[in-house]
Amino acid sequence: MPVDDIFRYAMYFENYGRRHDARNATRRLSADHNALRCLSCAAPCAAACPFDIPIRDKLLHFHTMLTT
Ligand code: SF4
């Protein structure tokens with residue numbers, strides 16, 4: 001999952017007001033990089049993050065924000 005890209009697109013959307021650009025960038029992600037895949041994943045990313053960022057939950061939230 002391109003976690004850094006999706007977090008960056010969310011930043012464009014939420015912090016820079018670049019909603020159209022953020023949504024277009026999200027649409028260009030391949031199907032393999034769709035955050036909905038996180039729904040069926042055990043989320044090893046959560047244990048790997050040294051800052052305890054809930055990556056799975058954030059990606060799913062960002063997916064909704066960037067695709068609706
Ligand atoms: S839950 Fe985490 S490890 Fe699983 S696909 Fe999503 S980002 Fe990758």
# chains A, B, ... in the order shown; residues from 1 in each chain; ligands from 1

call {"tool": "residues_near_ligand", "arguments": {"ligand": "ligand 1", "cutoff": "9 Å", "atoms": "only C-alpha atoms and all ligand atoms", "output": "ChimeraX atom specification"}}
result
/A:1-3,33-46,54-57,59-60

call {"tool": "select_by_dssp", "arguments": {"residues": "segment 17-56 of chain A", "states": "alpha helix (DSSP H)", "output": "list in words"}}
result
Arg19, His20, Asp21, Ala22, Arg23, Asn24, Ala25, Thr26, Arg27, Pro44, Cys45, Ala46, Ala47, Ala48, Ile55 and Arg56 of chain A

call {"tool": "residues_around", "arguments": {"residues": "Ile6 of chain A", "least_positions_apart": "6", "cutoff": "9 Å", "atoms": "only C-alpha atoms", "output": "list in words"}}
result
Ala22, Ala25, Thr26, Ala35, Leu59, Phe62 and His63 of chain A

call {"tool": "closest_residue", "arguments": {"among": "A:Ala47, A:Met65, A:Ile53, A:Leu29", "to": "Asp5 of chain A", "atoms": "only C-alpha atoms"}}
result
A:Leu29

call {"tool": "atom_distance", "arguments": {"atom1": "atom CA of Ala31 of chain A", "atom2": "atom CA of Arg18 of chain A"}}
result
22.9 Å

call {"tool": "atom_distance", "arguments": {"atom1": "atom CA of Arg23 of chain A", "atom2": "atom CA of His61 of chain A"}}
result
13.7 Å

call {"tool": "atom_distance", "arguments": {"atom1": "atom CA of Arg19 of chain A", "atom2": "atom CA of Phe7 of chain A"}}
result
13.4 Å

call {"tool": "decode", "arguments": {"residues": "segment 5-48 of chain A", "atoms": "C-alpha atoms", "output": "PDB file, in the first residue's frame"}}
result
ATOM      1  CA  ASP A   5       1.238   8.831  -1.077  1.00  0.00           C
ATOM      2  CA  ILE A   6      -2.236   8.418   0.414  1.00  0.00           C
ATOM      3  CA  PHE A   7      -1.277  10.420   3.515  1.00  0.00           C
ATOM      4  CA  ARG A   8       0.072  13.130   1.213  1.00  0.00           C
ATOM      5  CA  TYR A   9      -3.141  13.222  -0.836  1.00  0.00           C
ATOM      6  CA  ALA A  10      -5.104  13.582   2.414  1.00  0.00           C
ATOM      7  CA  MET A  11      -2.859  16.486   3.377  1.00  0.00           C
ATOM      8  CA  TYR A  12      -3.530  18.130  -0.006  1.00  0.00           C
ATOM      9  CA  PHE A  13      -7.243  17.685   0.630  1.00  0.00           C
ATOM     10  CA  GLU A  14      -7.467  18.702   4.287  1.00  0.00           C
ATOM     11  CA  ASN A  15      -4.676  21.220   4.725  1.00  0.00           C
ATOM     12  CA  TYR A  16      -4.054  22.768   1.319  1.00  0.00           C
ATOM     13  CA  GLY A  17      -7.608  22.925  -0.001  1.00  0.00           C
ATOM     14  CA  ARG A  18      -6.546  21.044  -3.114  1.00  0.00           C
ATOM     15  CA  ARG A  19      -9.507  18.720  -3.070  1.00  0.00           C
ATOM     16  CA  HIS A  20      -9.761  18.222  -6.837  1.00  0.00           C
ATOM     17  CA  ASP A  21      -6.036  17.396  -7.171  1.00  0.00           C
ATOM     18  CA  ALA A  22      -6.196  15.026  -4.194  1.00  0.00           C
ATOM     19  CA  ARG A  23      -9.165  13.147  -5.600  1.00  0.00           C
ATOM     20  CA  ASN A  24      -7.601  12.921  -9.060  1.00  0.00           C
ATOM     21  CA  ALA A  25      -4.368  11.575  -7.615  1.00  0.00           C
ATOM     22  CA  THR A  26      -6.319   9.001  -5.634  1.00  0.00           C
ATOM     23  CA  ARG A  27      -8.194   7.902  -8.762  1.00  0.00           C
ATOM     24  CA  ARG A  28      -4.875   7.263 -10.502  1.00  0.00           C
ATOM     25  CA  LEU A  29      -3.830   4.683  -7.893  1.00  0.00           C
ATOM     26  CA  SER A  30      -3.994   1.153  -9.248  1.00  0.00           C
ATOM     27  CA  ALA A  31      -6.584  -1.303  -7.949  1.00  0.00           C
ATOM     28  CA  ASP A  32      -3.791  -3.056  -6.039  1.00  0.00           C
ATOM     29  CA  HIS A  33      -3.261   0.166  -4.100  1.00  0.00           C
ATOM     30  CA  ASN A  34      -6.868   0.741  -3.110  1.00  0.00           C
ATOM     31  CA  ALA A  35      -7.139   1.213   0.667  1.00  0.00           C
ATOM     32  CA  LEU A  36     -10.201  -1.023   0.741  1.00  0.00           C
ATOM     33  CA  ARG A  37      -7.714  -3.869   0.635  1.00  0.00           C
ATOM     34  CA  CYS A  38      -6.904  -2.938   4.233  1.00  0.00           C
ATOM     35  CA  LEU A  39     -10.337  -4.252   5.239  1.00  0.00           C
ATOM     36  CA  SER A  40      -9.182  -7.819   4.736  1.00  0.00           C
ATOM     37  CA  CYS A  41      -5.703  -7.350   6.160  1.00  0.00           C
ATOM     38  CA  ALA A  42      -4.506  -8.141   9.691  1.00  0.00           C
ATOM     39  CA  ALA A  43      -2.746  -4.746   9.685  1.00  0.00           C
ATOM     40  CA  PRO A  44       0.867  -5.633  10.500  1.00  0.00           C
ATOM     41  CA  CYS A  45       1.575  -1.968   9.755  1.00  0.00           C
ATOM     42  CA  ALA A  46       0.093  -1.006  13.133  1.00  0.00           C
ATOM     43  CA  ALA A  47       2.705  -2.975  15.075  1.00  0.00           C
ATOM     44  CA  ALA A  48       5.485  -1.770  12.790  1.00  0.00           C
TER      45      ALA A  48
END
